[in-house]
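I have placed the structure first, in the form of structure tokens, so that the comments after it can refer back to it.
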Amino acid sequence: MKKILITRKLIKESEDKAAKTFDPIFNSNDELYSQPKVIEMSKGCDGILSSLTDKMDQETINQLPDTIKIISNFAVGFGNIDLDAAKKRGITVTNTPEVLSDATAEIGILLILGACRRAAEGIESAKVGGWKWSADYLIGKQLTGTRLGILGMGRIGQKIAKIARSLGMIIHYHNRSKLSEDKELGAVYHKDIKSLFSVSDVLSICCPATKETENMINKETVEFFPKGAIITNVARGDIIDDEALIDALNRRKIYAVGLDVYKNEPNLNPGYLQIKSAFILPHLGSATKDTRIAMANLAIDNIDDFFKTGNCKNKVN
Ligand code: NAP
């Protein structure tokens, strides 16, 4: 049986499956391992089932034992892993696409609704009490007829588009490549971000964090939006330059923000705490029991397939 280091505690059903499939090392206290600890614990192992909280950078990967042949990431995003460094060492890297798209799209829609309809202020007022209904109390932005820009119209972006369309939003998007008409379903393609942002009353960020997308929302690009636009991010914190966005929020260039992810998680840039309209969640995208089990099953199957066949369908490097 292959020996696998599983860096974070999984849901019981998933650990049971792992125990039937491999000789696993579990993290029963769900301790956040340092990089040296991952290196140390992976001695004698054939593979690692990692999570997005493990920073598998070049330095870490170069020090992994030669026995490690696969890093199976328990996430669809793999910005935490240096793919080239892994490839150079002959280590296969895999992810868990598709199975988390529905759950993450739900949170993407929650961010849009929460930011547009001033949920953060509403929840706070309801808790404090003493609020007074009036015709203009906590007036928000209605989604019906509003233009939604999707940056990254992939698996999650397309699901968000489908739900948003049913709410009466008009969909625009930007990818590096235009989708076929059957996937666009009437969404308007923009070949660059300036063009997309200029028509986005609301933006939903759904692209991966890469060198190309890092700080795509910045001092310059924030000016491309219509005044009073709303920016939401269900993808990765690295895509937003927080200082530039906070400044735009303070100037009311951007009216509200909805974030499930942010730089330096779990420590939110304190500038957001001063923004009443900021609707912020602690990285809940895939957090449903069914989805977490499906992700872990896929991460386990990726390792199993790899050792049985020498290949697996979710290889990303
Ligand atoms: P996906 O199917 O690969 O979609 C990514 C989309 O982004 C593609 O349409 C791609 O189109 C576009 N894209 C990639 N690079 C781009 C660039 N430089 N400029 C513009 N568009 C670009 O991925 P997915 O499954 O939808 O997941 C998307 C991301 O969501 C993941 O990478 C992950 O970081 C994040 N996520 C977050 C959570 C959460 O808990 N909040 C959960 C799951 C996923 P082109 O290749 O044509 O450019």
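Residues in the structure tokens are numbered from 1 in each chain, the chains being A, B, ... in the order shown, and ligands are numbered from 1 in the order shown.
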
Q: List all protein, DNA and RNA residues that have at least one atom no more than 7 Å from any atom of ligand 1, counting only C-alpha atoms and all ligand atoms, and write them as a PyMOL selection string.
A: chain A and resi 75-78+97-98+100-101+104+151-157+174-178+206-209+212-213+234-236+260-261+283-286

Same residues, N, CA and C atoms, output as a CSV table (one decimal), in the first residue's frame:
chain,number,residue,atom,x,y,z
A,75,ALA,N,-8.3,21.0,-3.6
A,75,ALA,CA,-8.9,22.3,-4.1
A,75,ALA,C,-8.8,22.3,-5.6
A,76,VAL,N,-9.6,23.2,-6.3
A,76,VAL,CA,-9.5,23.3,-7.7
A,76,VAL,C,-8.3,24.3,-8.0
A,77,GLY,N,-8.2,25.3,-7.2
A,77,GLY,CA,-7.0,26.3,-7.3
A,77,GLY,C,-5.7,25.6,-6.9
A,78,PHE,N,-4.7,25.9,-7.6
A,78,PHE,CA,-3.4,25.3,-7.2
A,78,PHE,C,-2.3,26.4,-7.2
A,97,PRO,N,-11.3,19.6,-9.8
A,97,PRO,CA,-12.3,20.5,-10.5
A,97,PRO,C,-13.7,19.9,-10.5
A,98,GLU,N,-14.7,20.7,-10.9
A,98,GLU,CA,-16.1,20.3,-11.1
A,98,GLU,C,-16.9,20.1,-9.9
A,100,LEU,N,-16.8,21.1,-7.0
A,100,LEU,CA,-17.0,22.2,-6.1
A,100,LEU,C,-17.7,23.4,-6.8
A,101,SER,N,-17.9,23.2,-8.1
A,101,SER,CA,-18.4,24.4,-8.8
A,101,SER,C,-19.8,24.9,-8.3
A,104,THR,N,-19.5,26.6,-4.9
A,104,THR,CA,-18.7,27.9,-5.0
A,104,THR,C,-19.6,29.0,-5.7
A,151,LEU,N,-15.3,37.9,-14.7
A,151,LEU,CA,-13.9,37.8,-15.0
A,151,LEU,C,-13.4,36.4,-14.8
A,152,GLY,N,-13.4,35.6,-15.9
A,152,GLY,CA,-13.1,34.2,-15.7
A,152,GLY,C,-14.3,33.3,-15.9
A,153,MET,N,-14.8,33.2,-17.1
A,153,MET,CA,-16.1,32.4,-17.4
A,153,MET,C,-15.8,31.0,-17.6
A,154,GLY,N,-15.2,30.3,-16.5
A,154,GLY,CA,-15.0,28.9,-16.6
A,154,GLY,C,-16.1,28.1,-15.9
A,155,ARG,N,-15.7,27.0,-15.2
A,155,ARG,CA,-16.8,26.2,-14.6
A,155,ARG,C,-17.6,27.0,-13.6
A,156,ILE,N,-17.0,27.7,-12.7
A,156,ILE,CA,-17.7,28.4,-11.7
A,156,ILE,C,-18.4,29.6,-12.3
A,157,GLY,N,-17.6,30.4,-13.1
A,157,GLY,CA,-18.2,31.6,-13.7
A,157,GLY,C,-19.4,31.3,-14.5
A,174,HIS,N,-15.1,38.2,-19.6
A,174,HIS,CA,-13.8,38.2,-20.3
A,174,HIS,C,-13.0,36.9,-19.8
A,175,ASN,N,-12.5,36.2,-20.8
A,175,ASN,CA,-11.6,35.1,-20.7
A,175,ASN,C,-10.5,35.5,-21.7
A,176,ARG,N,-9.3,34.8,-21.7
A,176,ARG,CA,-8.4,35.0,-22.7
A,176,ARG,C,-8.9,34.4,-24.0
A,177,SER,N,-9.7,33.4,-24.0
A,177,SER,CA,-10.4,32.9,-25.2
A,177,SER,C,-11.9,32.9,-25.1
A,178,LYS,N,-12.5,33.3,-26.3
A,178,LYS,CA,-14.0,33.4,-26.3
A,178,LYS,C,-14.6,32.0,-26.3
A,206,CYS,N,-13.8,35.3,-11.0
A,206,CYS,CA,-13.9,33.8,-11.0
A,206,CYS,C,-12.7,33.2,-11.7
A,207,CYS,N,-11.6,34.0,-11.9
A,207,CYS,CA,-10.5,33.4,-12.6
A,207,CYS,C,-9.4,32.9,-11.6
A,208,PRO,N,-8.5,32.1,-12.1
A,208,PRO,CA,-7.5,31.6,-11.1
A,208,PRO,C,-6.5,32.7,-10.8
A,209,ALA,N,-5.8,32.5,-9.6
A,209,ALA,CA,-4.7,33.4,-9.3
A,209,ALA,C,-3.4,32.9,-10.0
A,212,GLU,N,-0.3,36.3,-14.2
A,212,GLU,CA,-1.0,37.2,-15.1
A,212,GLU,C,-2.2,38.0,-14.4
A,213,THR,N,-2.9,37.3,-13.4
A,213,THR,CA,-4.1,37.9,-12.8
A,213,THR,C,-3.8,38.5,-11.5
A,234,VAL,N,-14.9,35.6,-5.7
A,234,VAL,CA,-15.0,34.3,-5.1
A,234,VAL,C,-13.8,33.4,-5.5
A,235,ALA,N,-12.8,34.0,-6.1
A,235,ALA,CA,-11.7,33.2,-6.7
A,235,ALA,C,-10.5,33.2,-5.7
A,236,ARG,N,-9.6,34.2,-5.7
A,236,ARG,CA,-8.5,34.2,-4.8
A,236,ARG,C,-8.1,35.6,-4.5
A,260,ASP,N,-15.2,36.6,-0.7
A,260,ASP,CA,-15.1,35.3,0.0
A,260,ASP,C,-13.6,35.0,0.3
A,261,VAL,N,-12.7,35.7,-0.4
A,261,VAL,CA,-11.3,35.4,-0.4
A,261,VAL,C,-10.6,36.7,-0.3
A,283,HIS,N,-13.8,32.5,3.3
A,283,HIS,CA,-13.4,31.5,2.4
A,283,HIS,C,-14.4,30.3,2.5
A,284,LEU,N,-15.6,30.5,2.2
A,284,LEU,CA,-16.7,29.5,2.4
A,284,LEU,C,-17.0,28.8,1.1
A,285,GLY,N,-16.4,29.2,0.0
A,285,GLY,CA,-16.8,28.7,-1.4
A,285,GLY,C,-17.3,27.3,-1.4
A,286,SER,N,-16.4,26.3,-1.1
A,286,SER,CA,-16.7,24.9,-1.2
A,286,SER,C,-17.2,24.3,0.1

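Shell of region 44-54 of chain A at 6 Å, with only C-alpha atoms counted and residues fewer than 2 places along the chain excluded, is Lys3, Ile4, Leu5, Ile6, Thr7, Ser42, Met56, Thr67, Ile68, Lys69, Ile70, Ile71, Ser72, Asn73, Phe74 and Asn80 of chain A.
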
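Between Ala299 (chain A) and the residues A:Gln274, A:Gly130, A:Cys312, A:Asp82, the shortest atom-to-atom distance, using only C-alpha atoms, involves A:Cys312.
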
Q) Smallest atom-to-atom distance to Thr94 (chain A): which of A:Ile231, A:Glu124, A:Pro65, A:Ile81, using only C-alpha atoms? A) A:Ile81

Q.
Ranking A:Ala256, A:Ala187, A:Leu203, A:Ala287 by minimum distance to Asp102 (chain A) and counting only C-alpha atoms, which one comes first?
A. A:Ala287

Using only C-alpha atoms, find each residue in region 66-175 of chain A having at least one atom no more than 12 Å away from region 216-229 of chain A; report its shortest atom-to-atom pair and that distance in Å (one decimal), rows by chain then rising number, as CSV.
residue,atom,partner,partner_atom,distance
A:Ile112,CA,A:Ala229,CA,11.4
A:Ala115,CA,A:Ala229,CA,10.5
A:Cys116,CA,A:Ala229,CA,9.4
A:Gly140,CA,A:Gly228,CA,11.2
A:Lys141,CA,A:Ala229,CA,9.7
A:Thr146,CA,A:Ala229,CA,10.4
A:Arg147,CA,A:Ala229,CA,9.9
A:Leu148,CA,A:Ala229,CA,10.0
A:Gly149,CA,A:Phe225,CA,10.4
A:Leu151,CA,A:Met216,CA,10.0
A:Gly152,CA,A:Met216,CA,12.0

Q: May I have the residues within 10 Å of Ala296 (chain A) as a count of residues only, using only C-alpha atoms and disregarding those fewer than 2 positions away in the same chain?
A: 23
